[in-house]
Amino acid sequence: MTARQRLWFFAIAAAGLVACLLWAFTGLPGFGNYPGPYGQEILRQAVAQTHATGVVSAINFEYRGFDTVGEEFILFTAAAGMSVVLRRLRKERQTEPVDEAKTRTIPATSSAVRIAALLLVGPTAVLGWWLASHAQTSPSGGFQGGVILASAFILIYLAGEFLTFRRLSPVALLDAVEAAGAGGFVAIGLAAIAMNLPFLDNYLPLGQYPGAISSSGTIALISFFVGIEVAAAFTAIIGELLEQTLLRSA
Amino acid sequence: MDQLYALSVTVPLVAAAALLATRPLFARHRRVLDLVAAGVSAAVAVMLGFLVFRTSGADSTYWFAGFRPSGGIVIGIDFEAGPLSAGLACLGAVLMTASMVFSWRYFPRAGGYFHVLMLTFLAGMTGFCLTGDVFDLFVWFELMGVSAYALTAYRPEERGPIQGALNFAITNSVGAYLSLTGIALIYGRTGALNMAQIAAYVSHHPPSGLIVIAFLLIITGLLVKGAIVPFHFWLADAHAVAPTPVCVLFSGVMVELGLYGIARMYWSVFGTGLGHRAAISHLFLALGLLTAVVGALFCFRERHVKRLLAFSTISHAGMFLAGFALLTPLGLAGAALYVTGHAFVKAALFLAVGIVLHRLRSVNETWLHGRGRRLPVTGVIFTVAAFGLADLPPFGTFLGKGWIEDSAAAPWLTAIFIACGVLVGGAVLRVAGGVFYGLGDPPGEDPQMAAEANEETGETDEGRQRTPLSMLIPAAALAALGLAAGVAAMAPKIAAGIEAAAARFQDQPAYIATVLTSAHVTRVAPPYPVAPADVTVGSVVTALCSVLGAAALALAALYWRRLPLLRRGYEPGAGLTVPIRRFQSGIINDYITWLVAGVATLGGVLALVIR
Amino acid sequence: MGIVPFLVVAWIIVAGLYGIVTSRDLIHTIVCLIVVQSSTYVLLLGVGYVTGGAAPYFWDIPVGTRAVDPVVQALALTDVVVEAAVTALLLAFAVQAQKRFGTLDPSQLAEFKG
């Protein structure tokens with residue numbers, strides 16, 4: 001189809017799609033009137049059952065923990081897939097970064113950026129760790145904390161030190177940490193099977209009262225594993241993409 | 001034994017994690033990785049086989065983290081399986097094992113990641129088949145998808161895999177996000193994510209616009225995966241370029257999983273609520289037959305052997321959907337058996353092509369003409385599997401198709417099936433005769449197709465002088481299994497068992513009872529009467545017609561230049577297919593336009609039918 | 001206010017799909033795919049909203065307070081991670097497409113057609 005034909009065809013089709021969607025929306029209970037039994041039931045039981053005051057984390061790691069296993073592995077597979085697709089091919093060599101504009105040299109990273117980035121690495125890592133360890137009581141958790149931990153590594157690259165960034169996070173190490181995170185999550189569930197409980201049953205002590213730091217049994221532990229997996233996966237993903245800027249066909 | 005549900009998904013996941021963590025250690029010892037991956041796949045196949053037997057009397061449910069439903073409200077996630085679901089997952093695991101054995105010699109350079117990706121693909125497939133929760137279905141669908149995209153692009157040094165992977169990924173992702181929209185809609189109305197709980201709500205309320213459109217959106221992603229027209233364009237691009245062991249899984253199981261998802265959504269969730277059985281049956285029948293015809297036409301024109309097989313998968317996917325669309329137990333049982341038989345013979349065909357690629361470094365049918373005579377054993381396997389694909393009795397494909405035709409009892413359906421079978425079988429037999437036996441003349445060279453086919457320079461590196469046993473044995477075994485499936489299903493007890501499983505799959509009240517109240521339901525009340533699943537004379541006759549027609553078409557395609565009448569050099573049939581070939585443009589913008597048009601059209605039809 | 005969030009959902013879906021269909025650059029296509037995905041977040045959070053409800057975190061409010069639906073928030077979280085993973089992989093494909101084809105224009109990327 002030519003671009004014009006495609007546009008007209010799409011316009012008609014999109015009108016039809018919007019009509020279908022609007023027809024469907026008339027059946028919804030209206031914004032603000034969520035009736036549903038699922039959410040209400042969980043709100044009733046969650047805190048008492050799991051001793052976690054963060055109900056969303058309780059759902060993510062306990063009630064619907066099996067979904068989270070799948071999602072973990074989607075991220076794991078994407079990182080592994082990127083290592084396959086972006087691997088260094090036989091005819092490519094790693095070179096010094098080259099500026100595409102031939103008339104100038106690459107400017108050095110400004111000292112202000114360099115210092116600011118390096119100073120921020122520590123606090124960012126601490127922030128990420130703090131967030132990852134408070135899954136059961138706050139709106140944070142493994143995923144959120146893990147992403148911030150990954151950005152701590154990427155700050156090193158921003159400080160102009162790509163090679164240091166690469167040396168601190170070699171592919172093999174990142175792969176191992178990622179695998180430990182994802183595999184650890186599944187292993188916690190398999191340990192439940194070994195104890196003749198259903199997969200991902202919460203078998204650790206629940207803590208004295210809801211909201212304590214060491215409460216909620218397996219939720220906090222799973223959140224830790226998810227945190228390291230997400231941090232390693234995102235660092236690997238960004239690292240792979242950045243490395244492409246250095247590869248040139250020989 | 002219930003723990004097998006959880007183990008069948010988590011064992012491949014934990015094995016994938018372990019293989020990734022220890023990859024650098026095994027860089028020199030690739031055999032270890034191969035053994036682990038093949039062993040895990042075989043173990044999963046065995047586990048799922050147990051589940052098939054265990055659920056042959058009644059379905060069973062497994063609740064994760066022990067959260068059982070109370071008062072009809074489900075708060076956890078469950079796996080619910082019967083013989084059809086567990087059987088499809090088992091088929092996937094068996095094909096995966098054969099692929100891992102076949103790929104013993106593959107990918108010497110990018111070691112290790114292949115096994116990780118294949119194992120997560122296996123876990124995704126198994127979870128998809130067994131789950132009883134719509135959001136969980138979406139999660140496993142995406143895991144299958146991400147693994148598949150990465151596996152398609154496994155050789156990024158060529159252009160074809162990149163195009164294939166991009167078109168595959170973008171189309172399937174749009175489909176998946178539309179499915180998620182449907183899931184959000186149905187959650188907004190029913191407050192439930194569990195299939196049985198949604199079914200309980202939907203079957204007690206008249207079908208509103210929301211329920212109809214939610215059903216349509218949820219099956220959009222599944223229609224894309226199942227390569228139904230007009231959502232099918234990505235399949236030819238992806239299957240033509242993926243590594244051969246991966247193509248085996250794509251054509252053998254992944255496409256069928258999309259169709260299984262549609263069947264599951266219809267029967268277990270929305271069926272009773274939507275009503276209007278005849279209209280819905282006709283709608284899906286039309287889609288299925290259209291897909292079958294389009295796939296068959298494109299298949300016959302192809303000269304790139306893997307792309308030819310990919311189009312034949314599209315054609316068969318249409319026929320499977322038609323079998324489901326009959327909405328009877330015999331139709332569904334026929335589709336299930338057809339899927340099984342097709343999976344085995346198609347896998348054998350792909351593996352044989354993989355051997356040709358390994359030894360002869362080409363998939364261009366024109367160039368390969370006669371050169372396959374050096375590979376006699378492969379030629380036999382390919383020819384036998386080609387006859388299996390053409391529905392020769394007693395292959396599983398013949399019997400499955402026979403049951404579908406018996407259930408429809410409509411001569412025009414049988415005629416369309418025969419026509420598609422002749423075209424597809426003729427194309428594959430033409431390849432078999434031309435490449436492996438040098439019959440007739442090479443098919444006409446199309447410069448466009450020649451360029452595409454010559455891009456493929458081979459997937460393996462070492463030892464091209466002999467065909468290794470690790471490649472021959474899986475191919476032969478799969479062809480034999482295709483035959484065995486048909487022979488086994490002729491036994492009355494097994495045939496009755498398959499049909500009873502299909503009837504149970506279609507029984508929605510039994511499904512709701514099994515999940516929500518843990519009932520052990522052994523008697524079924526399917527919506528249509530259970531017809532006997534026999535080998536009828538009619539089906540044997542139609543199958544033989546189909547096979548003879550295919551063989552005749554293949555011979556005609558190979559020898560037409562020598563016939564006195566047609567010596568003008570004008571290839572018959574070329575004029576017919578050139579106009580429709582333009583639709584397969586390879587451009588992602590076109591594919592998405594067709595996708596949106598397809599959704600809008602189906603929405604319009606459903607709106608008119610269901611008021 | 002009742003219907004506005006859902007109108008926004010329909011608008012975002014169509015805008016994203018329009019972007020993909022008229023795109024002349026793969027990166028643009030991938031970002032439009034993210035836009036289509038974002039519509040599902042709005043829809044999920046929209047169907048779960050309870051007027052006057054608090055966030056479902058009971059650290060400082062008593063259990064039993066009227067709260068919004070926590071399940072859709074968990075689903076949206078899962079969704080975000082899935083989308084990030086798929087986008088990362090698609091961007092890797094785009095990088096390789098630039099290297100193999102020399103262009104990111106989807107209409108030039110048709111190695112196989114017909």
# chains A, B, ... in the order shown; residues from 1 in each chain; ligands from 1

call {"tool": "interface_residues", "arguments": {"of": "chain C", "to": "chain A", "cutoff": "6 Å", "atoms": "only C-alpha atoms", "output": "compact mmCIF listing (two decimals) with C-alpha atoms, in the first residue's frame"}}
result
# COMPACT_ATOMS: atom_id res chain seq x y z
CA GLY C 2 -16.98 9.90 34.93
CA GLY C 48 -9.72 0.47 40.02
CA TYR C 49 -10.24 3.96 41.37
CA VAL C 50 -12.55 4.44 44.34
CA THR C 51 -13.75 8.00 44.97
CA PRO C 56 -3.72 0.88 50.06
CA TYR C 57 -0.85 1.30 52.54
CA PHE C 58 -1.90 0.81 56.13
CA TRP C 59 1.24 1.94 57.91
CA ASP C 69 -8.17 -1.20 44.46
CA PRO C 70 -4.65 -2.56 45.07
CA VAL C 71 -4.89 -5.36 42.52
CA ALA C 74 0.05 -4.64 41.17
CA ALA C 85 11.81 -5.62 28.76
CA LEU C 89 14.80 -5.97 23.07

call {"tool": "select_by_dssp", "arguments": {"residues": "stretch 16-221 of chain A", "states": "alpha helix (DSSP H)", "output": "MDAnalysis selection string"}}
result
chainID A and resid 16:25 37:50 55:58 65:85 111:132 142:158 162:168 171:194 218:221

call {"tool": "atom_distance", "arguments": {"atom1": "atom CA of A:Ile219", "atom2": "atom CA of A:Ile188"}}
result
10.4 Å

call {"tool": "residues_around", "arguments": {"residues": "A:Ile222", "least_positions_apart": "2", "cutoff": "9 Å", "atoms": "only C-alpha atoms", "output": "list in words"}}
result
Phe61, Gly142, Gly181, Gly184, Phe185, Ile188, Thr218, Ile219, Ala220, Phe224, Phe225, Val226 and Gly227 of chain A

call {"tool": "residues_around", "arguments": {"residues": "A:Gly239", "least_positions_apart": "6", "cutoff": "9 Å", "atoms": "only C-alpha atoms", "output": "list in words"}}
result
Ile154, Phe165, Arg166, Ser169 and Val171 of chain A

call {"tool": "closest_residue", "arguments": {"among": "A:Phe153, A:Phe66, A:Tyr203, A:Trp130", "to": "C:Thr78", "atoms": "only C-alpha atoms"}}
result
A:Phe66

call {"tool": "residues_around", "arguments": {"residues": "C:Thr29", "least_positions_apart": "3", "cutoff": "9 Å", "atoms": "only C-alpha atoms", "output": "list in words"}}
result
Ile170 and Asn589 of chain B; Gly16, Gly19, Ile20, Val21, Thr22, Ser23, Arg24, Asp25, Leu26, Cys32, Leu33, Ile34 and Pro106 of chain C

call {"tool": "residues_around", "arguments": {"residues": "stretch 93-101 of chain C", "least_positions_apart": "3", "cutoff": "7 Å", "atoms": "only C-alpha atoms", "output": "JSON, numbers by chain"}}
result
{"B": [156, 159, 162, 166], "C": [26, 89, 90, 104, 109]}

call {"tool": "atom_distance", "arguments": {"atom1": "atom CA of B:Ser179", "atom2": "atom CA of B:Pro206"}}
result
21.9 Å

call {"tool": "atom_distance", "arguments": {"atom1": "atom CA of C:Val63", "atom2": "atom CA of A:Ser216"}}
result
15.9 Å

call {"tool": "closest_residue", "arguments": {"among": "A:Ala24, A:Ala112, A:Met1, A:Val147", "to": "B:Ile186", "atoms": "only C-alpha atoms"}}
result
A:Ala24

call {"tool": "residues_around", "arguments": {"residues": "B:Pro69", "least_positions_apart": "2", "cutoff": "10 Å", "atoms": "only C-alpha atoms", "output": "list in words"}}
result
Trp63, Gly66, Phe67, Gly71, Gly72, Ile73, Val74, Ile75, Gly76, Ile77, Asp78, Gln197, Val515, Leu516, Thr517 and Ser518 of chain B

call {"tool": "closest_residue", "arguments": {"among": "A:Ser111, A:Gln5, A:Ser151, A:Asn202", "to": "chain B", "atoms": "only C-alpha atoms"}}
result
A:Asn202

call {"tool": "interface_residues", "arguments": {"of": "chain B", "to": "chain C", "cutoff": "6 Å", "atoms": "only C-alpha atoms", "output": "VMD selection string"}}
result
chain B and resid 159 to 160 177 181 184 188 581 to 582 584 to 587 589
